[in-house]
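Reproduced below: coords.pdb, with PDB, C-alpha atoms and all ligand atoms.
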ATOM      1  CA  MET S   1       2.948 -11.139  -6.866  1.00  0.00           C
ATOM      2  CA  PRO S   2       1.801  -7.567  -6.519  1.00  0.00           C
ATOM      3  CA  LEU S   3       2.605  -5.531  -3.469  1.00  0.00           C
ATOM      4  CA  TYR S   4      -0.231  -3.654  -1.841  1.00  0.00           C
ATOM      5  CA  GLU S   5       0.295  -0.771   0.524  1.00  0.00           C
ATOM      6  CA  TYR S   6      -2.158   0.141   3.231  1.00  0.00           C
ATOM      7  CA  VAL S   7      -2.538   2.724   5.938  1.00  0.00           C
ATOM      8  CA  CYS S   8      -4.472   1.765   9.052  1.00  0.00           C
ATOM      9  CA  LYS S   9      -7.247   4.210   9.797  1.00  0.00           C
ATOM     10  CA  LYS S  10      -7.031   3.546  13.512  1.00  0.00           C
ATOM     11  CA  CYS S  11      -3.339   3.905  14.270  1.00  0.00           C
ATOM     12  CA  GLN S  12      -2.104   5.439  10.997  1.00  0.00           C
ATOM     13  CA  ARG S  13       0.483   2.722  10.573  1.00  0.00           C
ATOM     14  CA  LYS S  14       1.629   2.180   7.005  1.00  0.00           C
ATOM     15  CA  PHE S  15       2.443  -1.350   5.942  1.00  0.00           C
ATOM     16  CA  SER S  16       2.604  -3.464   2.837  1.00  0.00           C
ATOM     17  CA  GLU S  17       1.287  -6.914   1.974  1.00  0.00           C
ATOM     18  CA  VAL S  18       2.266  -9.164  -0.873  1.00  0.00           C
ATOM     19  CA  LEU S  19      -0.902 -10.804  -2.120  1.00  0.00           C
ATOM     20  CA  SER S  20      -1.964 -12.731  -5.154  1.00  0.00           C
ATOM     21  CA  ILE S  21      -5.000 -11.426  -6.995  1.00  0.00           C
ATOM     22  CA  ARG S  22      -7.152 -14.127  -5.405  1.00  0.00           C
ATOM     23  CA  GLU S  23      -5.812 -13.421  -1.940  1.00  0.00           C
ATOM     24  CA  HIS S  24      -6.446  -9.751  -2.441  1.00  0.00           C
ATOM     25  CA  ASP S  25     -10.076 -10.512  -3.226  1.00  0.00           C
ATOM     26  CA  THR S  26     -10.708 -12.964  -0.421  1.00  0.00           C
ATOM     27  CA  LYS S  27      -8.189 -12.434   2.348  1.00  0.00           C
ATOM     28  CA  LYS S  28      -8.951 -10.061   5.186  1.00  0.00           C
ATOM     29  CA  VAL S  29      -5.899  -7.882   5.548  1.00  0.00           C
ATOM     30  CA  GLU S  30      -5.394  -6.559   9.027  1.00  0.00           C
ATOM     31  CA  CYS S  31      -3.083  -4.037  10.600  1.00  0.00           C
ATOM     32  CA  PRO S  32       0.005  -5.733  12.103  1.00  0.00           C
ATOM     33  CA  GLN S  33       0.004  -3.265  14.962  1.00  0.00           C
ATOM     34  CA  CYS S  34      -3.587  -2.981  16.220  1.00  0.00           C
ATOM     35  CA  LYS S  35      -5.227  -5.790  14.192  1.00  0.00           C
ATOM     36  CA  GLY S  36      -7.674  -3.281  12.806  1.00  0.00           C
ATOM     37  CA  THR S  37      -9.321  -4.033   9.500  1.00  0.00           C
ATOM     38  CA  GLU S  38     -10.251  -0.505   8.512  1.00  0.00           C
ATOM     39  CA  LEU S  39      -7.499   0.130   6.040  1.00  0.00           C
ATOM     40  CA  GLU S  40      -6.897   2.715   3.420  1.00  0.00           C
ATOM     41  CA  LYS S  41      -5.214   1.444   0.296  1.00  0.00           C
ATOM     42  CA  VAL S  42      -2.245   3.523  -0.775  1.00  0.00           C
ATOM     43  CA  ILE S  43      -1.681   3.948  -4.460  1.00  0.00           C
ATOM     44  CA  GLU S  44       1.921   4.784  -5.068  1.00  0.00           C
ATOM     45  CA  PRO S  45       2.617   7.122  -7.972  1.00  0.00           C
ATOM     46  CA  PHE S  46       5.271   4.889  -9.460  1.00  0.00           C
ATOM     47  CA  TYR S  47       6.104   7.307 -12.243  1.00  0.00           C
ATOM     48  CA  ALA S  48       7.231  10.044  -9.837  1.00  0.00           C
ATOM     49  CA  LYS S  49      10.809   8.803  -9.509  1.00  0.00           C
ATOM     50  CA  THR S  50      11.530   8.721 -13.224  1.00  0.00           C
ATOM     51  CA  ALA S  51       9.727  11.939 -14.118  1.00  0.00           C
ATOM     52  CA  SER S  52      12.692  14.232 -13.549  1.00  0.00           C
ATOM     53  CA  LYS S  53      14.340  15.567 -16.660  1.00  0.00           C
ATOM     54  CA  THR S  54      18.057  15.755 -17.280  1.00  0.00           C
ATOM     55  CA  GLY S  55      19.233  19.320 -17.485  1.00  0.00           C
ATOM     56  CA  GLY S  56      15.787  20.735 -16.905  1.00  0.00           C
ATOM     57  CA  TRP S  57      14.805  23.718 -14.764  1.00  0.00           C
TER      58      TRP S  57
HETATM   59 ZN    ZN S 101      -3.625  -0.173  13.155  1.00  0.00          ZN
END
Step by step, read the file and then write its structure as structure tokens.
Amino acid sequence: MPLYEYVCKKCQRKFSEVLSIREHDTKKVECPQCKGTELEKVIEPFYAKTASKTGGW
């Protein structure tokens, strides 16, 4: 199942949730710290770690 990362807009806590596509559409994700539901979804640039070249620079 895909992993979604969120940042809480209230307390700035970053956390991740493993949700199915259906859960992601229907489930209300809340902050584990303050129970806030105003969340910013974090999109991780997954290509960043493999972008370095060997012998470059
Ligand atoms: Zn929070």
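Going from CA of Arg22 (chain S) over to CA of Cys34 (chain S), you cover 24.6 Å.
When all atoms listed in the file are used to compute distances to ligand ZN 101 (chain S), the closest of the residues S:Lys28, S:Gln12, S:Pro2, S:Val42 turns out to be S:Gln12.
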Item to complete: Using the chain letters and residue numbers of this document, give as JSON, numbers by chain the residues selected by the PyMOL selection byres (((chain S and resi 13) around 10) and not hetatm).
Response: {"S": [6, 7, 8, 9, 10, 11, 12, 14, 15, 31, 32, 33, 34, 39]}
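Residues in contact with Glu5 (chain S) at 9 Å, where only C-alpha atoms are counted and same-chain residues fewer than 5 positions away are skipped, are listed as S:Lys14, S:Phe15, S:Ser16, S:Glu17, S:Val18, S:Glu40, S:Lys41, S:Val42, S:Ile43, S:Glu44.
Residue nearest ligand ZN 101 (chain S), chosen from S:Gly36, S:Leu19, S:Leu3, S:Thr26 and counting all atoms listed in the file: S:Gly36.
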Can you tell me, as AutoDock Vina command-line options, the centre and edge lengths (Å, one decimal) of the axis-aligned box enclosing all of region 31-41 of chain S's listed atoms after padding each side by 5 Å?
--center_x -5.1 --center_y -1.5 --center_z 8.3 --size_x 20.3 --size_y 18.5 --size_z 25.9
